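A.B. asks: Data: coords.cif, mmCIF, N, CA and C atoms.
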data_query
loop_
_atom_site.group_PDB
_atom_site.id
_atom_site.type_symbol
_atom_site.label_atom_id
_atom_site.label_comp_id
_atom_site.auth_asym_id
_atom_site.auth_seq_id
_atom_site.Cartn_x
_atom_site.Cartn_y
_atom_site.Cartn_z
ATOM 1 N N MET A 1 14.744 15.463 23.678
ATOM 2 C CA MET A 1 16.058 15.911 23.292
ATOM 3 C C MET A 1 16.969 14.732 22.939
ATOM 4 N N GLN A 2 16.584 13.545 23.251
ATOM 5 C CA GLN A 2 17.377 12.357 22.936
ATOM 6 C C GLN A 2 17.689 12.284 21.455
ATOM 7 N N SER A 3 16.753 12.647 20.600
ATOM 8 C CA SER A 3 17.012 12.571 19.167
ATOM 9 C C SER A 3 18.131 13.510 18.748
ATOM 10 N N ASN A 4 18.253 14.696 19.372
ATOM 11 C CA ASN A 4 19.354 15.604 19.066
ATOM 12 C C ASN A 4 20.683 14.997 19.463
ATOM 13 N N GLU A 5 20.722 14.326 20.605
ATOM 14 C CA GLU A 5 21.957 13.691 21.042
ATOM 15 C C GLU A 5 22.391 12.636 20.029
ATOM 16 N N ILE A 6 21.429 11.845 19.566
ATOM 17 C CA ILE A 6 21.742 10.813 18.586
ATOM 18 C C ILE A 6 22.203 11.470 17.287
ATOM 19 N N LYS A 7 21.526 12.516 16.851
ATOM 20 C CA LYS A 7 21.896 13.203 15.612
ATOM 21 C C LYS A 7 23.290 13.795 15.729
ATOM 22 N N PHE A 8 23.592 14.439 16.858
ATOM 23 C CA PHE A 8 24.926 14.983 17.047
ATOM 24 C C PHE A 8 25.973 13.868 16.970
ATOM 25 N N GLY A 9 25.704 12.768 17.636
ATOM 26 C CA GLY A 9 26.644 11.649 17.631
ATOM 27 C C GLY A 9 26.887 11.117 16.233
ATOM 28 N N GLU A 10 25.830 10.992 15.469
ATOM 29 C CA GLU A 10 25.966 10.525 14.081
ATOM 30 C C GLU A 10 26.767 11.523 13.258
ATOM 31 N N ASN A 11 26.473 12.808 13.423
ATOM 32 C CA ASN A 11 27.191 13.845 12.692
ATOM 33 C C ASN A 11 28.676 13.825 13.039
ATOM 34 N N LEU A 12 28.969 13.722 14.320
ATOM 35 C CA LEU A 12 30.358 13.711 14.762
ATOM 36 C C LEU A 12 31.101 12.510 14.179
ATOM 37 N N LYS A 13 30.492 11.358 14.261
ATOM 38 C CA LYS A 13 31.129 10.142 13.745
ATOM 39 C C LYS A 13 31.372 10.260 12.242
ATOM 40 N N ASN A 14 30.375 10.741 11.509
ATOM 41 C CA ASN A 14 30.510 10.884 10.057
ATOM 42 C C ASN A 14 31.603 11.884 9.685
ATOM 43 N N LEU A 15 31.641 13.010 10.382
ATOM 44 C CA LEU A 15 32.674 14.011 10.111
ATOM 45 C C LEU A 15 34.063 13.457 10.414
ATOM 46 N N ARG A 16 34.182 12.824 11.558
ATOM 47 C CA ARG A 16 35.467 12.273 11.979
ATOM 48 C C ARG A 16 35.970 11.247 10.964
ATOM 49 N N LYS A 17 35.092 10.335 10.577
ATOM 50 C CA LYS A 17 35.483 9.294 9.628
ATOM 51 C C LYS A 17 35.790 9.868 8.252
ATOM 52 N N SER A 18 35.035 10.866 7.816
ATOM 53 C CA SER A 18 35.282 11.460 6.502
ATOM 54 C C SER A 18 36.642 12.148 6.444
ATOM 55 N N CYS A 19 37.161 12.538 7.591
ATOM 56 C CA CYS A 19 38.489 13.151 7.664
ATOM 57 C C CYS A 19 39.572 12.116 7.940
ATOM 58 N N GLY A 20 39.175 10.851 8.064
ATOM 59 C CA GLY A 20 40.140 9.797 8.342
ATOM 60 C C GLY A 20 40.732 9.889 9.730
ATOM 61 N N MET A 21 39.965 10.435 10.660
ATOM 62 C CA MET A 21 40.444 10.644 12.017
ATOM 63 C C MET A 21 39.906 9.573 12.953
ATOM 64 N N LYS A 22 40.745 9.050 13.800
ATOM 65 C CA LYS A 22 40.326 8.084 14.814
ATOM 66 C C LYS A 22 39.759 8.822 16.020
ATOM 67 N N GLN A 23 38.933 8.106 16.784
ATOM 68 C CA GLN A 23 38.404 8.687 18.015
ATOM 69 C C GLN A 23 39.535 9.177 18.908
ATOM 70 N N SER A 24 40.578 8.392 19.002
ATOM 71 C CA SER A 24 41.705 8.756 19.875
ATOM 72 C C SER A 24 42.391 10.034 19.405
ATOM 73 N N GLU A 25 42.455 10.245 18.098
ATOM 74 C CA GLU A 25 43.070 11.460 17.559
ATOM 75 C C GLU A 25 42.227 12.685 17.880
ATOM 76 N N LEU A 26 40.915 12.562 17.712
ATOM 77 C CA LEU A 26 40.031 13.673 18.055
ATOM 78 C C LEU A 26 40.093 13.943 19.554
ATOM 79 N N ALA A 27 40.082 12.894 20.335
ATOM 80 C CA ALA A 27 40.154 13.048 21.787
ATOM 81 C C ALA A 27 41.410 13.808 22.191
ATOM 82 N N GLU A 28 42.530 13.455 21.584
ATOM 83 C CA GLU A 28 43.793 14.131 21.913
ATOM 84 C C GLU A 28 43.731 15.609 21.573
ATOM 85 N N ARG A 29 43.165 15.927 20.415
ATOM 86 C CA ARG A 29 43.050 17.345 20.010
ATOM 87 C C ARG A 29 42.153 18.135 20.943
ATOM 88 N N LEU A 30 41.157 17.447 21.522
ATOM 89 C CA LEU A 30 40.205 18.123 22.404
ATOM 90 C C LEU A 30 40.604 18.047 23.878
ATOM 91 N N GLY A 31 41.613 17.246 24.184
ATOM 92 C CA GLY A 31 42.036 17.106 25.575
ATOM 93 C C GLY A 31 41.078 16.292 26.411
ATOM 94 N N VAL A 32 40.430 15.304 25.775
ATOM 95 C CA VAL A 32 39.512 14.409 26.487
ATOM 96 C C VAL A 32 39.936 12.971 26.233
ATOM 97 N N ASP A 33 39.330 12.067 26.955
ATOM 98 C CA ASP A 33 39.600 10.644 26.787
ATOM 99 C C ASP A 33 38.875 10.114 25.548
ATOM 100 N N GLN A 34 39.431 9.097 24.917
ATOM 101 C CA GLN A 34 38.797 8.467 23.753
ATOM 102 C C GLN A 34 37.417 7.948 24.108
ATOM 103 N N ARG A 35 37.242 7.483 25.332
ATOM 104 C CA ARG A 35 35.925 6.975 25.753
ATOM 105 C C ARG A 35 34.883 8.086 25.761
ATOM 106 N N THR A 36 35.319 9.308 25.998
ATOM 107 C CA THR A 36 34.397 10.445 25.964
ATOM 108 C C THR A 36 33.886 10.670 24.544
ATOM 109 N N VAL A 37 34.782 10.634 23.574
ATOM 110 C CA VAL A 37 34.373 10.781 22.173
ATOM 111 C C VAL A 37 33.412 9.664 21.796
ATOM 112 N N SER A 38 33.706 8.461 22.223
ATOM 113 C CA SER A 38 32.819 7.323 21.956
ATOM 114 C C SER A 38 31.441 7.557 22.565
ATOM 115 N N ALA A 39 31.402 8.065 23.782
ATOM 116 C CA ALA A 39 30.123 8.336 24.448
ATOM 117 C C ALA A 39 29.328 9.392 23.690
ATOM 118 N N TRP A 40 30.006 10.409 23.178
ATOM 119 C CA TRP A 40 29.312 11.424 22.368
ATOM 120 C C TRP A 40 28.719 10.790 21.128
ATOM 121 N N GLU A 41 29.500 9.961 20.454
ATOM 122 C CA GLU A 41 29.047 9.353 19.207
ATOM 123 C C GLU A 41 27.900 8.374 19.427
ATOM 124 N N HIS A 42 27.824 7.788 20.609
ATOM 125 C CA HIS A 42 26.742 6.848 20.917
ATOM 126 C C HIS A 42 25.551 7.525 21.604
ATOM 127 N N GLY A 43 25.595 8.855 21.750
ATOM 128 C CA GLY A 43 24.477 9.584 22.329
ATOM 129 C C GLY A 43 24.328 9.422 23.829
ATOM 130 N N VAL A 44 25.375 8.963 24.497
ATOM 131 C CA VAL A 44 25.333 8.785 25.949
ATOM 132 C C VAL A 44 25.367 10.137 26.649
ATOM 133 N N CYS A 45 26.142 11.073 26.103
ATOM 134 C CA CYS A 45 26.254 12.418 26.647
ATOM 135 C C CYS A 45 26.660 13.360 25.520
ATOM 136 N N GLU A 46 26.715 14.642 25.835
ATOM 137 C CA GLU A 46 27.104 15.649 24.854
ATOM 138 C C GLU A 46 28.237 16.497 25.421
ATOM 139 N N PRO A 47 29.070 17.044 24.564
ATOM 140 C CA PRO A 47 30.118 17.939 25.044
ATOM 141 C C PRO A 47 29.535 19.282 25.472
ATOM 142 N N ASN A 48 30.314 20.020 26.260
ATOM 143 C CA ASN A 48 29.870 21.358 26.653
ATOM 144 C C ASN A 48 30.011 22.309 25.464
ATOM 145 N N LEU A 49 29.532 23.523 25.621
ATOM 146 C CA LEU A 49 29.508 24.476 24.513
ATOM 147 C C LEU A 49 30.908 24.798 24.002
ATOM 148 N N ALA A 50 31.859 24.996 24.887
ATOM 149 C CA ALA A 50 33.222 25.309 24.456
ATOM 150 C C ALA A 50 33.789 24.175 23.603
ATOM 151 N N THR A 51 33.513 22.943 23.988
ATOM 152 C CA THR A 51 34.004 21.794 23.231
ATOM 153 C C THR A 51 33.272 21.677 21.907
ATOM 154 N N LEU A 52 31.980 21.938 21.893
ATOM 155 C CA LEU A 52 31.227 21.939 20.637
ATOM 156 C C LEU A 52 31.808 22.952 19.663
ATOM 157 N N LEU A 53 32.138 24.126 20.166
ATOM 158 C CA LEU A 53 32.724 25.150 19.307
ATOM 159 C C LEU A 53 34.067 24.700 18.761
ATOM 160 N N GLU A 54 34.868 24.035 19.587
ATOM 161 C CA GLU A 54 36.164 23.535 19.127
ATOM 162 C C GLU A 54 35.984 22.426 18.086
ATOM 163 N N ILE A 55 35.015 21.551 18.284
ATOM 164 C CA ILE A 55 34.731 20.497 17.303
ATOM 165 C C ILE A 55 34.316 21.125 15.972
ATOM 166 N N SER A 56 33.462 22.130 16.028
ATOM 167 C CA SER A 56 33.031 22.777 14.783
ATOM 168 C C SER A 56 34.214 23.448 14.093
ATOM 169 N N ARG A 57 35.161 23.980 14.861
ATOM 170 C CA ARG A 57 36.347 24.599 14.281
ATOM 171 C C ARG A 57 37.263 23.545 13.651
ATOM 172 N N ILE A 58 37.469 22.436 14.363
ATOM 173 C CA ILE A 58 38.337 21.370 13.860
ATOM 174 C C ILE A 58 37.847 20.858 12.511
ATOM 175 N N PHE A 59 36.540 20.676 12.390
ATOM 176 C CA PHE A 59 35.983 20.116 11.163
ATOM 177 C C PHE A 59 35.481 21.178 10.190
ATOM 178 N N ASN A 60 35.681 22.469 10.548
ATOM 179 C CA ASN A 60 35.222 23.565 9.707
ATOM 180 C C ASN A 60 33.746 23.387 9.351
ATOM 181 N N GLU A 61 32.973 23.112 10.385
ATOM 182 C CA GLU A 61 31.541 22.825 10.234
ATOM 183 C C GLU A 61 30.750 23.836 11.049
ATOM 184 N N ASP A 62 29.681 24.345 10.492
ATOM 185 C CA ASP A 62 28.805 25.254 11.227
ATOM 186 C C ASP A 62 28.266 24.552 12.462
ATOM 187 N N LEU A 63 28.255 25.242 13.586
ATOM 188 C CA LEU A 63 27.797 24.648 14.844
ATOM 189 C C LEU A 63 26.383 24.099 14.737
ATOM 190 N N LEU A 64 25.488 24.842 14.119
ATOM 191 C CA LEU A 64 24.104 24.379 14.001
ATOM 192 C C LEU A 64 24.006 23.115 13.147
ATOM 193 N N ASP A 65 24.807 23.040 12.100
ATOM 194 C CA ASP A 65 24.802 21.829 11.276
ATOM 195 C C ASP A 65 25.348 20.644 12.054
ATOM 196 N N LEU A 66 26.269 20.899 12.939
ATOM 197 C CA LEU A 66 26.865 19.841 13.738
ATOM 198 C C LEU A 66 25.866 19.238 14.720
ATOM 199 N N ILE A 67 25.013 20.077 15.293
ATOM 200 C CA ILE A 67 24.132 19.574 16.360
ATOM 201 C C ILE A 67 22.719 19.247 15.899
ATOM 202 N N THR A 68 22.411 19.517 14.636
ATOM 203 C CA THR A 68 21.050 19.203 14.169
ATOM 204 C C THR A 68 21.069 18.227 13.010
#
In structure tokens, what does this structure look like?
C.D. replies:
Amino acid sequence: MQSNEIKFGENLKNLRKSCGMKQSELAERLGVDQRTVSAWEHGVCEPNLATLLEISRIFNEDLLDLIT
């Protein structure tokens, strides 16, 4: 499952950057610390399902496309 974590992190980083959003801005919208967003992007951990759904809503991205 490590490869999915890395893929999710890459997807999140690419989406965030394509929108011109900083990690801190995304963190604020999600109510988490900037270090948490960084950890997601580096594949250290993954957000819970509710947060994944909110991320997909923020970026108007299908959940499955976000995590695969």
A.B. asks: Between A:Lys7, A:Arg35, A:His42, A:Arg57, which has the minimum distance to A:Gln23 (counting all atoms listed in the file)?
C.D. replies: A:Arg35
A.B. asks: List the residues selected by the PyMOL selection byres (((chain A and resi 26 and name CA) around 12) and name CA) in the file shown, writing them as a ChimeraX atom specification.
C.D. replies: /A:12-13,15-17,19-25,27-38,40-41,51,54-56,58-59
A.B. asks: Deliver the residues from the most recent selection as a file, using N, CA and C atoms, as a compact mmCIF listing (two decimals), in the coordinates of the input.
C.D. replies:
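As a result, part.txt now contains:
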# COMPACT_ATOMS: atom_id res chain seq x y z
N LEU A 12 28.97 13.72 14.32
CA LEU A 12 30.36 13.71 14.76
C LEU A 12 31.10 12.51 14.18
N LYS A 13 30.49 11.36 14.26
CA LYS A 13 31.13 10.14 13.74
C LYS A 13 31.37 10.26 12.24
N LEU A 15 31.64 13.01 10.38
CA LEU A 15 32.67 14.01 10.11
C LEU A 15 34.06 13.46 10.41
N ARG A 16 34.18 12.82 11.56
CA ARG A 16 35.47 12.27 11.98
C ARG A 16 35.97 11.25 10.96
N LYS A 17 35.09 10.34 10.58
CA LYS A 17 35.48 9.29 9.63
C LYS A 17 35.79 9.87 8.25
N CYS A 19 37.16 12.54 7.59
CA CYS A 19 38.49 13.15 7.66
C CYS A 19 39.57 12.12 7.94
N GLY A 20 39.17 10.85 8.06
CA GLY A 20 40.14 9.80 8.34
C GLY A 20 40.73 9.89 9.73
N MET A 21 39.97 10.44 10.66
CA MET A 21 40.44 10.64 12.02
C MET A 21 39.91 9.57 12.95
N LYS A 22 40.74 9.05 13.80
CA LYS A 22 40.33 8.08 14.81
C LYS A 22 39.76 8.82 16.02
N GLN A 23 38.93 8.11 16.78
CA GLN A 23 38.40 8.69 18.02
C GLN A 23 39.53 9.18 18.91
N SER A 24 40.58 8.39 19.00
CA SER A 24 41.70 8.76 19.88
C SER A 24 42.39 10.03 19.40
N GLU A 25 42.46 10.24 18.10
CA GLU A 25 43.07 11.46 17.56
C GLU A 25 42.23 12.68 17.88
N ALA A 27 40.08 12.89 20.34
CA ALA A 27 40.15 13.05 21.79
C ALA A 27 41.41 13.81 22.19
N GLU A 28 42.53 13.46 21.58
CA GLU A 28 43.79 14.13 21.91
C GLU A 28 43.73 15.61 21.57
N ARG A 29 43.16 15.93 20.42
CA ARG A 29 43.05 17.34 20.01
C ARG A 29 42.15 18.14 20.94
N LEU A 30 41.16 17.45 21.52
CA LEU A 30 40.20 18.12 22.40
C LEU A 30 40.60 18.05 23.88
N GLY A 31 41.61 17.25 24.18
CA GLY A 31 42.04 17.11 25.58
C GLY A 31 41.08 16.29 26.41
N VAL A 32 40.43 15.30 25.78
CA VAL A 32 39.51 14.41 26.49
C VAL A 32 39.94 12.97 26.23
N ASP A 33 39.33 12.07 26.96
CA ASP A 33 39.60 10.64 26.79
C ASP A 33 38.88 10.11 25.55
N GLN A 34 39.43 9.10 24.92
CA GLN A 34 38.80 8.47 23.75
C GLN A 34 37.42 7.95 24.11
N ARG A 35 37.24 7.48 25.33
CA ARG A 35 35.92 6.98 25.75
C ARG A 35 34.88 8.09 25.76
N THR A 36 35.32 9.31 26.00
CA THR A 36 34.40 10.44 25.96
C THR A 36 33.89 10.67 24.54
N VAL A 37 34.78 10.63 23.57
CA VAL A 37 34.37 10.78 22.17
C VAL A 37 33.41 9.66 21.80
N SER A 38 33.71 8.46 22.22
CA SER A 38 32.82 7.32 21.96
C SER A 38 31.44 7.56 22.56
N TRP A 40 30.01 10.41 23.18
CA TRP A 40 29.31 11.42 22.37
C TRP A 40 28.72 10.79 21.13
N GLU A 41 29.50 9.96 20.45
CA GLU A 41 29.05 9.35 19.21
C GLU A 41 27.90 8.37 19.43
N THR A 51 33.51 22.94 23.99
CA THR A 51 34.00 21.79 23.23
C THR A 51 33.27 21.68 21.91
N GLU A 54 34.87 24.04 19.59
CA GLU A 54 36.16 23.54 19.13
C GLU A 54 35.98 22.43 18.09
N ILE A 55 35.02 21.55 18.28
CA ILE A 55 34.73 20.50 17.30
C ILE A 55 34.32 21.12 15.97
N SER A 56 33.46 22.13 16.03
CA SER A 56 33.03 22.78 14.78
C SER A 56 34.21 23.45 14.09
N ILE A 58 37.47 22.44 14.36
CA ILE A 58 38.34 21.37 13.86
C ILE A 58 37.85 20.86 12.51
N PHE A 59 36.54 20.68 12.39
CA PHE A 59 35.98 20.12 11.16
C PHE A 59 35.48 21.18 10.19
A.B. asks: Quick one: pull the distance between atom N of A:Asn60 and atom C of A:Asn14, Å, one decimal.
C.D. replies: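 These two atoms are separated by 11.4 Å.
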A.B. asks: Considering only C-alpha atoms, state which residue in the set A:Ser18, A:Glu61, A:Leu66, A:Gly9 is at the smallest distance from A:Val44.
C.D. replies: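 That would be A:Gly9, the residue with the smallest distance to A:Val44.
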A.B. asks: Let me have the centre and edge lengths of the axis-aligned box enclosing all listed atoms of stretch 56-59 of chain A with 5 Å padding on every side, in Å to one decimal, as lines of an AutoDock Vina configuration file.
C.D. replies:
center_x = 35.7
center_y = 22.4
center_z = 13.1
size_x = 15.3
size_y = 14.5
size_z = 15.8
